[in-house]
$ cat data_8.cif   # mmCIF, C-alpha atoms
data_run
#
loop_
_atom_site.label_atom_id
_atom_site.label_comp_id
_atom_site.auth_asym_id
_atom_site.auth_seq_id
_atom_site.Cartn_x
_atom_site.Cartn_y
_atom_site.Cartn_z
CA MET A 12 0.00 0.00 0.00
CA ALA A 13 2.93 2.28 -0.63
CA SER A 14 0.95 4.53 -2.91
CA ARG A 15 -1.50 5.55 -0.22
CA TYR A 16 1.19 6.66 2.21
CA ASP A 17 3.68 8.43 0.08
CA ARG A 18 1.77 11.55 -0.92
CA ALA A 19 2.53 13.68 2.06
CA ILE A 20 5.81 12.85 3.64
CA THR A 21 4.59 13.84 7.04
CA VAL A 22 2.61 10.64 7.09
CA PHE A 23 3.98 7.32 8.29
CA SER A 24 2.95 4.16 6.54
CA PRO A 25 1.49 1.36 8.67
CA ASP A 26 4.79 -0.46 8.76
CA GLY A 27 6.65 2.60 9.93
CA HIS A 28 8.22 3.91 6.73
CA LEU A 29 8.49 7.43 5.49
CA PHE A 30 8.30 6.66 1.83
CA GLN A 31 9.25 10.07 0.55
CA VAL A 32 12.48 9.91 2.48
CA GLU A 33 13.19 6.47 1.09
CA TYR A 34 12.49 7.66 -2.41
CA ALA A 35 14.88 10.53 -1.77
CA GLN A 36 17.51 8.00 -0.83
CA GLU A 37 16.85 6.28 -4.14
CA ALA A 38 17.49 9.59 -5.87
CA VAL A 39 20.85 9.74 -4.18
CA LYS A 40 21.72 6.29 -5.41
CA LYS A 41 21.36 7.59 -8.93
CA GLY A 42 23.99 10.23 -8.44
CA SER A 43 27.66 9.84 -9.22
CA THR A 44 29.93 8.20 -6.72
CA ALA A 45 31.87 10.05 -4.08
CA VAL A 46 34.38 8.69 -1.62
CA GLY A 47 35.77 10.26 1.54
CA ILE A 48 38.81 9.10 3.50
CA ARG A 49 40.01 10.29 6.86
CA GLY A 50 43.75 9.96 7.25
CA THR A 51 45.91 10.87 10.19
CA ASP A 52 46.93 14.29 8.89
CA ILE A 53 44.83 14.64 5.82
CA VAL A 54 41.27 14.26 4.63
CA VAL A 55 40.51 13.33 1.05
CA LEU A 56 37.35 13.66 -0.98
CA GLY A 57 37.06 12.11 -4.40
CA VAL A 58 34.13 12.45 -6.75
CA GLU A 59 33.38 10.79 -10.02
CA LYS A 60 32.95 13.42 -12.68
CA LYS A 61 30.26 12.64 -15.18
CA SER A 62 31.39 13.11 -18.73
CA VAL A 63 30.26 16.50 -20.00
CA ALA A 64 28.65 17.16 -23.32
CA LYS A 65 31.00 18.43 -26.00
CA LEU A 66 29.72 21.96 -25.94
CA GLN A 67 29.45 22.20 -22.17
CA ASP A 68 32.04 24.18 -20.25
CA GLU A 69 33.69 21.63 -18.01
CA ARG A 70 34.76 24.12 -15.42
CA THR A 71 31.19 24.83 -14.36
CA VAL A 72 30.57 21.26 -13.30
CA ARG A 73 32.46 21.44 -10.02
CA LYS A 74 31.46 18.81 -7.54
CA ILE A 75 33.42 19.66 -4.45
CA CYS A 76 32.81 22.86 -2.63
CA ALA A 77 34.30 24.59 0.35
CA LEU A 78 32.01 25.65 3.13
CA ASP A 79 34.58 27.66 5.00
CA ASP A 80 38.32 27.98 5.16
CA HIS A 81 38.50 24.64 6.91
CA VAL A 82 35.49 22.59 5.82
CA CYS A 83 34.65 21.09 2.46
CA MET A 84 31.65 19.36 1.06
CA ALA A 85 31.67 16.96 -1.82
CA PHE A 86 29.31 18.39 -4.20
CA ALA A 87 31.66 20.94 -5.57
CA VAL A 88 30.72 23.70 -3.23
CA ILE A 89 32.88 25.72 -0.93
CA LEU A 90 31.45 26.42 2.49
CA PHE A 91 34.45 26.97 4.60
CA CYS A 92 38.05 26.32 3.75
CA ASN A 93 38.52 23.82 6.47
CA VAL A 94 35.17 22.19 5.92
CA LEU A 95 34.72 20.26 2.71
CA PRO A 96 31.42 18.69 1.76
CA THR A 97 30.37 16.57 -1.16
CA PHE A 98 26.72 16.27 -2.09
CA ILE A 99 25.43 13.53 -4.25
CA GLY A 100 21.94 13.61 -5.64
CA LEU A 101 19.95 16.54 -6.85
CA THR A 102 22.33 19.31 -7.76
CA ALA A 103 19.77 22.03 -7.31
CA ASP A 104 18.90 20.81 -3.83
CA ALA A 105 22.55 20.77 -2.96
CA ARG A 106 23.02 24.38 -3.97
CA VAL A 107 20.33 25.45 -1.53
CA VAL A 108 21.80 23.46 1.34
CA ILE A 109 25.29 24.67 0.60
CA ASN A 110 24.23 28.27 0.63
CA ARG A 111 22.48 27.86 3.98
CA ALA A 112 25.51 26.09 5.38
CA ARG A 113 27.87 28.81 4.15
CA VAL A 114 25.81 31.52 5.77
CA GLU A 115 25.67 29.47 8.96
CA CYS A 116 29.45 29.12 8.99
CA GLN A 117 29.92 32.87 8.88
CA SER A 118 27.08 33.53 11.30
CA HIS A 119 28.65 31.15 13.78
CA LYS A 120 31.97 32.97 13.47
CA LEU A 121 30.22 36.26 13.98
CA THR A 122 28.45 35.23 17.16
CA VAL A 123 31.05 33.09 18.89
CA GLU A 124 34.33 34.26 17.24
CA ASP A 125 35.29 30.66 16.52
CA PRO A 126 35.13 28.78 13.23
CA VAL A 127 32.58 25.97 13.09
CA THR A 128 33.60 22.47 14.02
CA VAL A 129 32.95 19.88 11.34
CA GLU A 130 30.47 18.19 13.64
CA TYR A 131 28.55 21.43 14.21
CA ILE A 132 28.07 22.17 10.56
CA THR A 133 27.17 18.53 9.86
CA ARG A 134 24.58 18.70 12.60
CA PHE A 135 23.27 21.93 11.12
CA ILE A 136 22.93 20.40 7.66
CA ALA A 137 21.34 17.25 9.07
CA THR A 138 18.86 19.27 11.13
CA LEU A 139 17.99 21.28 8.05
CA LYS A 140 17.33 18.10 6.11
CA GLN A 141 15.24 16.64 8.90
CA LYS A 142 13.06 19.75 9.09
CA TYR A 143 12.13 19.20 5.50
CA THR A 144 11.01 15.66 6.26
CA GLN A 145 8.56 16.91 8.80
CA SER A 146 7.01 20.01 7.29
CA ASN A 147 3.84 20.27 5.39
CA GLY A 148 4.05 20.76 1.69
CA ARG A 149 7.79 20.34 1.39
CA ARG A 150 9.76 17.43 0.06
CA PRO A 151 13.02 16.18 1.52
CA PHE A 152 16.34 17.26 0.02
CA GLY A 153 17.38 14.56 -2.39
CA ILE A 154 20.99 14.62 -1.36
CA SER A 155 23.53 12.82 0.74
CA ALA A 156 26.61 14.65 1.84
CA LEU A 157 30.13 13.72 2.76
CA ILE A 158 31.65 16.42 4.90
CA VAL A 159 35.32 16.50 5.76
CA GLY A 160 37.51 18.92 7.54
CA PHE A 161 39.81 19.69 10.42
CA ASP A 162 38.64 21.07 13.71
CA ASP A 163 40.54 23.64 15.69
CA ASP A 164 42.13 20.91 17.75
CA GLY A 165 43.71 19.53 14.61
CA ILE A 166 41.72 16.31 14.46
CA PRO A 167 40.50 15.33 11.00
CA ARG A 168 36.85 14.41 10.61
CA LEU A 169 34.60 12.78 8.07
CA TYR A 170 30.80 12.80 8.40
CA GLN A 171 28.05 11.54 6.21
CA THR A 172 24.45 12.80 6.12
CA ASP A 173 21.49 11.40 4.20
CA PRO A 174 18.05 12.70 3.19
CA SER A 175 16.43 11.54 6.39
CA GLY A 176 18.59 13.92 8.37
CA THR A 177 20.75 11.40 10.17
CA TYR A 178 24.49 11.85 10.32
CA HIS A 179 27.37 9.63 11.35
CA ALA A 180 31.11 9.94 11.62
CA TRP A 181 33.15 7.64 9.46
CA LYS A 182 36.74 6.66 8.90
CA ALA A 183 36.03 6.19 5.23
CA ASN A 184 32.80 6.11 3.31
CA ALA A 185 31.23 6.35 -0.11
CA ILE A 186 27.90 7.67 -1.36
CA GLY A 187 26.05 7.60 -4.65
CA ARG A 188 25.97 5.01 -7.35
CA SER A 189 27.88 1.84 -6.50
CA ALA A 190 28.45 3.10 -3.00
CA LYS A 191 28.19 -0.44 -1.69
CA THR A 192 31.00 -1.67 -3.92
CA VAL A 193 33.28 1.13 -2.94
CA ARG A 194 32.49 0.74 0.73
CA GLU A 195 33.33 -2.95 0.58
CA PHE A 196 36.62 -2.09 -1.09
CA LEU A 197 37.34 0.42 1.64
CA GLU A 198 36.46 -2.04 4.36
CA LYS A 199 38.99 -4.44 2.95
CA ASN A 200 41.73 -1.92 2.32
CA TYR A 201 41.43 0.72 5.00
CA THR A 202 44.16 -0.11 7.46
CA GLU A 203 46.27 2.00 9.76
CA ASP A 204 49.14 1.65 7.29
CA ALA A 205 47.02 2.65 4.37
CA ILE A 206 46.32 6.04 5.83
CA ALA A 207 49.54 6.61 7.72
CA ASN A 208 50.99 8.62 4.89
CA ASP A 209 49.23 11.53 3.17
CA ASN A 210 50.00 10.15 -0.26
CA GLU A 211 48.81 6.70 0.73
CA ALA A 212 45.48 8.14 1.79
CA ILE A 213 45.11 9.94 -1.52
CA LYS A 214 46.02 6.77 -3.40
CA LEU A 215 43.46 4.79 -1.44
CA ALA A 216 40.75 7.28 -2.37
CA ILE A 217 41.68 7.11 -6.02
CA ARG A 218 41.85 3.32 -6.02
CA ALA A 219 38.48 3.11 -4.35
CA LEU A 220 36.92 5.35 -6.98
CA LEU A 221 38.63 3.50 -9.80
CA GLU A 222 36.75 0.38 -8.74
CA VAL A 223 33.57 1.85 -10.11
CA VAL A 224 34.67 4.64 -12.39
CA GLN A 225 36.25 4.39 -15.80
CA SER A 226 39.92 4.96 -15.42
CA GLY A 227 41.41 8.20 -16.52
CA GLY A 228 42.29 11.44 -14.82
CA LYS A 229 39.44 13.26 -16.47
CA ASN A 230 36.80 11.35 -14.60
CA ILE A 231 37.83 11.96 -11.04
CA GLU A 232 37.86 15.16 -9.06
CA LEU A 233 39.85 15.15 -5.87
CA ALA A 234 40.06 17.56 -2.99
CA ILE A 235 42.34 17.35 0.02
CA ILE A 236 42.75 19.27 3.20
CA ARG A 237 45.85 19.00 5.29
CA ARG A 238 45.91 20.23 8.84
CA ASN A 239 46.18 24.04 8.95
CA GLN A 240 46.33 24.32 5.22
CA PRO A 241 43.70 25.59 2.88
CA LEU A 242 41.87 23.20 0.62
CA LYS A 243 43.45 22.03 -2.58
CA VAL A 244 41.53 20.63 -5.46
CA MET B 21 38.86 61.30 20.68
CA GLU B 22 39.99 58.52 18.38
CA TYR B 23 42.12 59.04 15.36
CA LEU B 24 42.43 57.32 11.98
CA ILE B 25 44.62 58.26 9.05
CA GLY B 26 45.20 56.81 5.62
CA ILE B 27 47.66 57.74 2.85
CA GLN B 28 47.51 56.19 -0.59
CA GLY B 29 50.60 55.90 -2.76
CA PRO B 30 51.07 54.61 -6.31
CA ASP B 31 51.38 50.97 -5.21
CA PHE B 32 50.52 50.90 -1.51
CA VAL B 33 48.20 52.30 1.13
CA LEU B 34 49.49 53.29 4.54
CA VAL B 35 46.96 53.36 7.35
CA ALA B 36 47.37 54.14 11.01
CA ALA B 37 45.11 54.35 14.03
CA ASP B 38 45.56 55.21 17.67
CA THR B 39 45.32 52.26 20.02
CA VAL B 40 43.49 53.75 22.97
CA ALA B 41 40.15 52.32 24.02
CA ALA B 42 38.56 54.74 26.44
CA SER B 43 35.36 55.03 28.38
CA SER B 44 34.46 58.56 29.48
CA ILE B 45 37.59 59.93 31.21
CA VAL B 46 39.41 56.64 31.72
CA HIS B 47 41.32 54.62 29.16
CA MET B 48 40.55 50.93 29.37
CA LYS B 49 43.11 49.56 26.97
CA ARG B 50 46.22 51.07 25.41
CA ASP B 51 46.79 48.41 22.76
CA HIS B 52 43.38 48.18 21.14
CA ASP B 53 43.50 47.33 17.44
CA LYS B 54 40.97 49.32 15.44
CA MET B 55 41.75 47.73 12.11
CA PHE B 56 39.65 44.83 10.87
CA LYS B 57 40.87 42.53 8.19
CA MET B 58 38.15 42.15 5.57
CA SER B 59 40.16 39.97 3.27
CA GLU B 60 43.75 39.37 2.28
CA LYS B 61 44.15 42.88 0.90
CA ILE B 62 41.45 44.96 2.48
CA LEU B 63 41.47 46.64 5.89
CA LEU B 64 38.61 48.43 7.56
CA LEU B 65 39.48 51.00 10.21
CA CYS B 66 36.53 51.74 12.41
CA VAL B 67 35.94 54.31 15.18
CA GLY B 68 32.85 55.76 16.80
CA GLU B 69 30.22 54.61 19.25
CA ALA B 70 31.56 52.00 21.65
CA GLY B 71 29.75 48.81 20.67
CA ASP B 72 28.75 49.87 17.19
CA THR B 73 32.32 49.85 15.88
CA VAL B 74 33.04 46.18 16.53
CA GLN B 75 29.49 45.06 15.77
CA PHE B 76 29.36 46.79 12.41
CA ALA B 77 32.92 45.99 11.38
CA GLU B 78 32.56 42.29 12.20
CA TYR B 79 29.25 42.14 10.37
CA ILE B 80 30.84 43.58 7.24
CA GLN B 81 33.85 41.33 7.71
CA LYS B 82 31.76 38.16 7.80
CA ASN B 83 29.73 39.24 4.80
CA VAL B 84 32.87 39.86 2.80
CA GLN B 85 34.05 36.36 3.75
CA LEU B 86 30.69 34.89 2.77
CA TYR B 87 31.01 36.49 -0.64
CA LYS B 88 34.39 34.85 -1.02
CA MET B 89 32.97 31.43 -0.12
CA ARG B 90 29.96 31.77 -2.37
CA ASN B 91 31.75 33.06 -5.43
CA GLY B 92 35.24 31.70 -5.14
CA TYR B 93 36.95 35.07 -5.32
CA GLU B 94 37.23 38.07 -3.04
CA LEU B 95 35.34 41.34 -3.21
CA SER B 96 37.34 44.20 -4.66
CA PRO B 97 37.99 47.18 -2.36
CA ALA B 98 35.59 49.33 -4.36
CA ALA B 99 32.84 46.74 -4.07
CA ALA B 100 33.50 46.24 -0.39
CA ALA B 101 33.42 49.99 0.23
CA ASN B 102 30.15 50.39 -1.59
CA PHE B 103 28.67 47.40 0.22
CA THR B 104 29.71 48.92 3.53
CA ARG B 105 28.24 52.27 2.61
CA ARG B 106 25.00 50.63 1.55
CA ASN B 107 24.70 48.95 4.91
CA LEU B 108 25.40 52.21 6.73
CA ALA B 109 22.81 54.00 4.63
CA ASP B 110 20.18 51.33 5.20
CA TYR B 111 20.62 51.38 8.95
CA LEU B 112 20.79 55.16 9.08
CA ARG B 113 17.06 55.61 8.72
CA SER B 114 16.14 52.70 10.92
CA ARG B 115 15.64 52.76 14.65
CA THR B 116 19.15 51.41 15.14
CA PRO B 117 21.65 53.44 13.14
CA TYR B 118 25.36 52.69 13.49
CA HIS B 119 27.39 55.66 14.64
CA VAL B 120 30.75 54.72 13.13
CA ASN B 121 33.36 56.50 11.05
CA LEU B 122 35.38 54.35 8.72
CA LEU B 123 38.39 54.23 6.49
CA LEU B 124 38.54 51.32 4.07
CA ALA B 125 41.90 50.66 2.49
CA GLY B 126 42.64 47.99 -0.05
CA TYR B 127 44.70 46.81 -2.96
CA ASP B 128 43.07 45.55 -6.13
CA GLU B 129 44.93 43.57 -8.80
CA GLN B 130 43.45 45.62 -11.60
CA ASP B 131 42.94 49.04 -10.06
CA GLY B 132 45.83 49.21 -7.64
CA PRO B 133 45.63 50.72 -4.17
CA SER B 134 42.60 52.67 -2.98
CA LEU B 135 41.45 54.46 0.14
CA TYR B 136 37.82 55.19 0.92
CA TYR B 137 36.51 57.62 3.53
CA MET B 138 33.09 56.90 5.04
CA ASP B 139 31.30 58.57 7.87
CA TYR B 140 28.34 57.77 10.03
CA LEU B 141 25.96 59.50 7.65
CA ALA B 142 26.94 56.99 4.98
CA SER B 143 28.90 59.32 2.80
CA LEU B 144 31.59 57.68 0.69
CA ALA B 145 34.59 59.34 -0.90
CA LYS B 146 37.61 57.84 -2.58
CA ALA B 147 40.53 59.98 -1.54
CA PRO B 148 44.34 59.99 -1.78
CA PHE B 149 44.56 60.71 1.94
CA ALA B 150 42.00 60.98 4.74
CA ALA B 151 41.65 61.16 8.49
CA HIS B 152 38.94 60.82 11.12
CA GLY B 153 38.57 62.30 14.58
CA TYR B 154 39.54 65.60 16.17
CA GLY B 155 43.07 64.82 15.13
CA ALA B 156 41.98 65.19 11.53
CA PHE B 157 41.56 68.93 12.03
CA LEU B 158 45.16 69.15 13.08
CA THR B 159 46.70 66.87 10.48
CA LEU B 160 44.81 67.25 7.23
CA SER B 161 46.65 70.46 6.49
CA ILE B 162 49.97 68.69 6.99
CA LEU B 163 48.85 66.11 4.47
CA ASP B 164 47.79 68.87 2.10
CA ARG B 165 51.22 70.41 2.33
CA TYR B 166 53.39 67.33 1.99
CA TYR B 167 51.40 64.79 0.02
CA LYS B 168 52.16 64.29 -3.65
CA PRO B 169 50.62 61.70 -5.94
CA GLY B 170 53.80 59.70 -6.53
CA ILE B 171 54.63 59.51 -2.83
CA THR B 172 57.01 56.71 -1.87
CA ARG B 173 56.69 54.51 1.20
CA GLU B 174 59.49 56.29 3.02
CA GLU B 175 57.97 59.68 2.27
CA ALA B 176 54.56 58.46 3.38
CA LEU B 177 56.06 57.29 6.65
CA GLU B 178 57.71 60.70 7.07
CA VAL B 179 54.40 62.48 6.55
CA LEU B 180 52.73 60.08 8.97
CA LYS B 181 55.42 60.83 11.49
CA LYS B 182 54.85 64.56 11.07
CA CYS B 183 51.13 64.06 11.64
CA LEU B 184 51.58 61.97 14.75
CA GLU B 185 54.11 64.42 16.16
CA GLU B 186 51.65 67.25 15.61
CA LEU B 187 49.06 65.32 17.57
CA GLN B 188 51.47 64.84 20.42
CA ARG B 189 52.31 68.52 20.35
CA ARG B 190 48.93 70.21 20.01
CA PHE B 191 46.14 67.74 20.62
CA ILE B 192 44.67 68.16 24.07
CA LEU B 193 44.22 64.45 24.62
CA ASN B 194 47.13 62.16 25.04
CA LEU B 195 47.31 59.50 22.32
CA PRO B 196 50.38 57.63 23.41
CA SER B 197 50.48 54.82 20.90
CA PHE B 198 49.50 53.99 17.35
CA ASN B 199 49.63 51.04 15.07
CA ALA B 200 50.19 51.28 11.36
CA ARG B 201 49.95 48.90 8.43
CA PHE B 202 50.90 48.90 4.78
CA ILE B 203 48.71 47.25 2.16
CA ASP B 204 50.25 46.38 -1.18
CA LYS B 205 50.16 43.67 -3.80
CA ASP B 206 51.65 41.23 -1.32
CA GLY B 207 49.00 41.76 1.31
CA ILE B 208 48.90 43.46 4.67
CA HIS B 209 52.11 44.23 6.56
CA GLU B 210 52.34 45.45 10.12
CA LEU B 211 54.76 48.25 10.98
CA THR B 212 56.53 47.44 14.19
CA ASN B 213 58.25 50.68 15.02
CA ILE B 214 56.31 53.79 14.34
CA PRO B 215 58.64 56.77 14.58
CA LEU B 216 57.38 58.93 17.40
CA LEU B 217 59.09 61.58 19.39
CA LYS B 218 59.36 60.47 22.99
CA SER B 219 58.81 63.94 24.40
CA VAL B 220 57.70 67.16 22.82
CA ALA B 221 58.07 70.71 23.93
#

$ encode --input "data_8.cif" --output "structure tokens"
Amino acid sequence: MASRYDRAITVFSPDGHLFQVEYAQEAVKKGSTAVGIRGTDIVVLGVEKKSVAKLQDERTVRKICALDDHVCMAFAVILFCNVLPTFIGLTADARVVINRARVECQSHKLTVEDPVTVEYITRFIATLKQKYTQSNGRRPFGISALIVGFDDDGIPRLYQTDPSGTYHAWKANAIGRSAKTVREFLEKNYTEDAIANDNEAIKLAIRALLEVVQSGGKNIELAIIRRNQPLKV
Amino acid sequence: MEYLIGIQGPDFVLVAADTVAASSIVHMKRDHDKMFKMSEKILLLCVGEAGDTVQFAEYIQKNVQLYKMRNGYELSPAAAANFTRRNLADYLRSRTPYHVNLLLAGYDEQDGPSLYYMDYLASLAKAPFAAHGYGAFLTLSILDRYYKPGITREEALEVLKKCLEELQRRFILNLPSFNARFIDKDGIHELTNIPLLKSVA
């Protein structure tokens, strides 16, 4: 009886599902793959770049963005340099979330004089997503996000959010198409040695993506943050 | 009470401010920095009503940063100055106007150095040199006399020194210390030893 309970997302189905949210998660699974790795001194985000049409300007299809000077999000948006998020799913939805997150990063700095922690901004994004699963007349954001960055205390972090508004910390994770394959690869290959070195962590991210992406430099976009250094793409 | 000065050269801007934070007849802090870094090459010097200065300057600062995050590049000094003026003007006719006087100094890749004078009534003027405060009455004429468009850094420092000495000599209030910064194509540089006469007749 899915059809009767998936009109308004504020309604639970008899077996306890929020179908709209689950459909949103399906939308995410259609997006391109992204992988995030938390090393000891570095965090890496890699995203599969879809091939662009011949006439399309490749530079406008950025998938990793910075939220602030220390945070990045995989979805080609820049919130803060030390926060880096990646969004997979509906691009337009992601733009909205990214903008709200960017404003929140600055607002936080304005009120408390400190840059956001990665956990704070993840919680903010997750709360924002959850609100949209509980309001009348609005649909959930069809995006999952991988958020990486360094906190003030120098500890690297990787978080993942999904359309339902939950968020978890991860050592390494993947979202989007073939996320399961990539995650299994990571589970097998993520060891203390693998991430001990900055370059090793980067290589692991690339290898993980190459599992599901056609090989070739043109198809992968990578972003890294090292402790106390601005983001490099 | 508080004093700001800015001098623009062909490839730099020199700005200086006194470092006294006072409340009525007592000074609270003698090393108070009145310059706010908007971006890598833009400084906002802000004096006026006690809380308004920091509140307004930080608000503009965060908005300039937000622009950088959203668009991937920084606001130019001209854009930042106009944005600041717009905010001042909007708040002027609200119930909560900001009583602040500002100097905005910056270096743009295309347009070179620039200095903007703004006051609490939201006027904006791009000027080769400018000053705020009672001290301005005493020092603008010195700048008129000694400034020339191709002024070098050393000459600008000399003129600044003349201005600060005049303040020590004739200004009724004691402004014991200043900080000064250069802005040029390489960013913002602090000046560690501002030439000041120790005692004046």

$ resolve_selection --input "data_8.cif" --expression "the PyMOL selection byres ((chain B) within 7 of (chain A))" --output "MDAnalysis selection string"
chainID B and resid 78:79 82 86 89:90

$ resolve_selection --input "data_8.cif" --expression "the PyMOL selection byres ((chain A and resi 168-185) around 6)" --output "PyMOL selection string"
chain A and resi 32+45-49+137+140-141+152-160+167+186+190+194

$ write_last_selection --input "data_8.cif" --atoms "C-alpha atoms" --output "PDB file, keeping the file's coordinate frame"
ATOM      1  CA  VAL A  32      12.480   9.910   2.480  1.00  0.00           C
ATOM      2  CA  ALA A  45      31.870  10.050  -4.080  1.00  0.00           C
ATOM      3  CA  VAL A  46      34.380   8.690  -1.620  1.00  0.00           C
ATOM      4  CA  GLY A  47      35.770  10.260   1.540  1.00  0.00           C
ATOM      5  CA  ILE A  48      38.810   9.100   3.500  1.00  0.00           C
ATOM      6  CA  ARG A  49      40.010  10.290   6.860  1.00  0.00           C
ATOM      7  CA  ALA A 137      21.340  17.250   9.070  1.00  0.00           C
ATOM      8  CA  LYS A 140      17.330  18.100   6.110  1.00  0.00           C
ATOM      9  CA  GLN A 141      15.240  16.640   8.900  1.00  0.00           C
ATOM     10  CA  PHE A 152      16.340  17.260   0.020  1.00  0.00           C
ATOM     11  CA  GLY A 153      17.380  14.560  -2.390  1.00  0.00           C
ATOM     12  CA  ILE A 154      20.990  14.620  -1.360  1.00  0.00           C
ATOM     13  CA  SER A 155      23.530  12.820   0.740  1.00  0.00           C
ATOM     14  CA  ALA A 156      26.610  14.650   1.840  1.00  0.00           C
ATOM     15  CA  LEU A 157      30.130  13.720   2.760  1.00  0.00           C
ATOM     16  CA  ILE A 158      31.650  16.420   4.900  1.00  0.00           C
ATOM     17  CA  VAL A 159      35.320  16.500   5.760  1.00  0.00           C
ATOM     18  CA  GLY A 160      37.510  18.920   7.540  1.00  0.00           C
ATOM     19  CA  PRO A 167      40.500  15.330  11.000  1.00  0.00           C
ATOM     20  CA  ILE A 186      27.900   7.670  -1.360  1.00  0.00           C
ATOM     21  CA  ALA A 190      28.450   3.100  -3.000  1.00  0.00           C
ATOM     22  CA  ARG A 194      32.490   0.740   0.730  1.00  0.00           C
TER      23      ARG A 194
END

$ residues_around --input "data_8.cif" --residues "B:Gln75" --least-positions-apart "3" --cutoff "12 Å" --atoms "all atoms listed in the file" --output "mmCIF file with C-alpha atoms, in the coordinates of the input"
data_model
loop_
_atom_site.group_PDB
_atom_site.id
_atom_site.type_symbol
_atom_site.label_atom_id
_atom_site.label_comp_id
_atom_site.auth_asym_id
_atom_site.auth_seq_id
_atom_site.Cartn_x
_atom_site.Cartn_y
_atom_site.Cartn_z
ATOM 1 C CA LEU A 121 30.220 36.260 13.980
ATOM 2 C CA THR A 122 28.450 35.230 17.160
ATOM 3 C CA GLU A 124 34.330 34.260 17.240
ATOM 4 C CA PHE B 56 39.650 44.830 10.870
ATOM 5 C CA CYS B 66 36.530 51.740 12.410
ATOM 6 C CA VAL B 67 35.940 54.310 15.180
ATOM 7 C CA GLY B 68 32.850 55.760 16.800
ATOM 8 C CA GLU B 69 30.220 54.610 19.250
ATOM 9 C CA ALA B 70 31.560 52.000 21.650
ATOM 10 C CA GLY B 71 29.750 48.810 20.670
ATOM 11 C CA ASP B 72 28.750 49.870 17.190
ATOM 12 C CA GLU B 78 32.560 42.290 12.200
ATOM 13 C CA TYR B 79 29.250 42.140 10.370
ATOM 14 C CA ILE B 80 30.840 43.580 7.240
ATOM 15 C CA GLN B 81 33.850 41.330 7.710
ATOM 16 C CA LYS B 82 31.760 38.160 7.800
ATOM 17 C CA PRO B 117 21.650 53.440 13.140
ATOM 18 C CA TYR B 118 25.360 52.690 13.490
ATOM 19 C CA HIS B 119 27.390 55.660 14.640
ATOM 20 C CA VAL B 120 30.750 54.720 13.130
#

$ closest_residue --input "data_8.cif" --among "B:Leu112, B:Glu22, B:Pro30, B:Met58" --to "B:Ala176" --atoms "only C-alpha atoms"
B:Pro30

$ atom_distance --input "data_8.cif" --atom1 "atom CA of B:Tyr154" --atom2 "atom CA of B:Met21"
6.3 Å

$ residues_around --input "data_8.cif" --residues "B:Phe149" --least-positions-apart "3" --cutoff "8 Å" --atoms "all atoms listed in the file" --output "list in words"
Ile25, Gly26, Ile27, Gln28, Leu135 and Leu163 of chain B

$ atom_distance --input "data_8.cif" --atom1 "atom CA of B:Leu184" --atom2 "atom CA of B:Leu160"
11.4 Å

$ resolve_selection --input "data_8.cif" --expression "the PyMOL selection byres ((chain B and resi 97) around 7)" --output "ChimeraX atom specification"
/B:62,95-96,98-101,126-128

$ residues_around --input "data_8.cif" --residues "stretch 191-206 of chain B" --least-positions-apart "6" --cutoff "9 Å" --atoms "all atoms listed in the file" --output "PyMOL selection string"
chain B and resi 21-23+31-40+50-51+53-54+60-63+125-129+132-133+154-155+158+173+184+212-214+216

$ axis_aligned_box --input "data_8.cif" --around "stretch 172-190 of chain B" --padding-each-side "3 Å" --output "lines of an AutoDock Vina configuration file"
center_x = 54.2
center_y = 62.4
center_z = 9.3
size_x = 16.6
size_y = 21.7
size_z = 28.3

$ atom_distance --input "data_8.cif" --atom1 "atom CA of A:Asp162" --atom2 "atom CA of A:Val129"
6.3 Å

$ residues_around --input "data_8.cif" --residues "A:Arg188" --least-positions-apart "4" --cutoff "8 Å" --atoms "all atoms listed in the file" --output "PDB file with C-alpha atoms, keeping the file's coordinate frame"
ATOM      1  CA  VAL A  39      20.850   9.740  -4.180  1.00  0.00           C
ATOM      2  CA  LYS A  40      21.720   6.290  -5.410  1.00  0.00           C
ATOM      3  CA  LYS A  41      21.360   7.590  -8.930  1.00  0.00           C
ATOM      4  CA  GLY A  42      23.990  10.230  -8.440  1.00  0.00           C
ATOM      5  CA  SER A  43      27.660   9.840  -9.220  1.00  0.00           C
ATOM      6  CA  THR A  44      29.930   8.200  -6.720  1.00  0.00           C
TER       7      THR A  44
END

$ closest_residue --input "data_8.cif" --among "B:Leu122, B:Ala156, B:Ile45, B:Leu211" --to "B:Leu187" --atoms "all atoms listed in the file"
B:Ala156

$ residues_around --input "data_8.cif" --residues "B:Cys183" --least-positions-apart "3" --cutoff "6 Å" --atoms "all atoms listed in the file" --output "list of chain:residue names"
B:Thr159, B:Leu180, B:Glu186
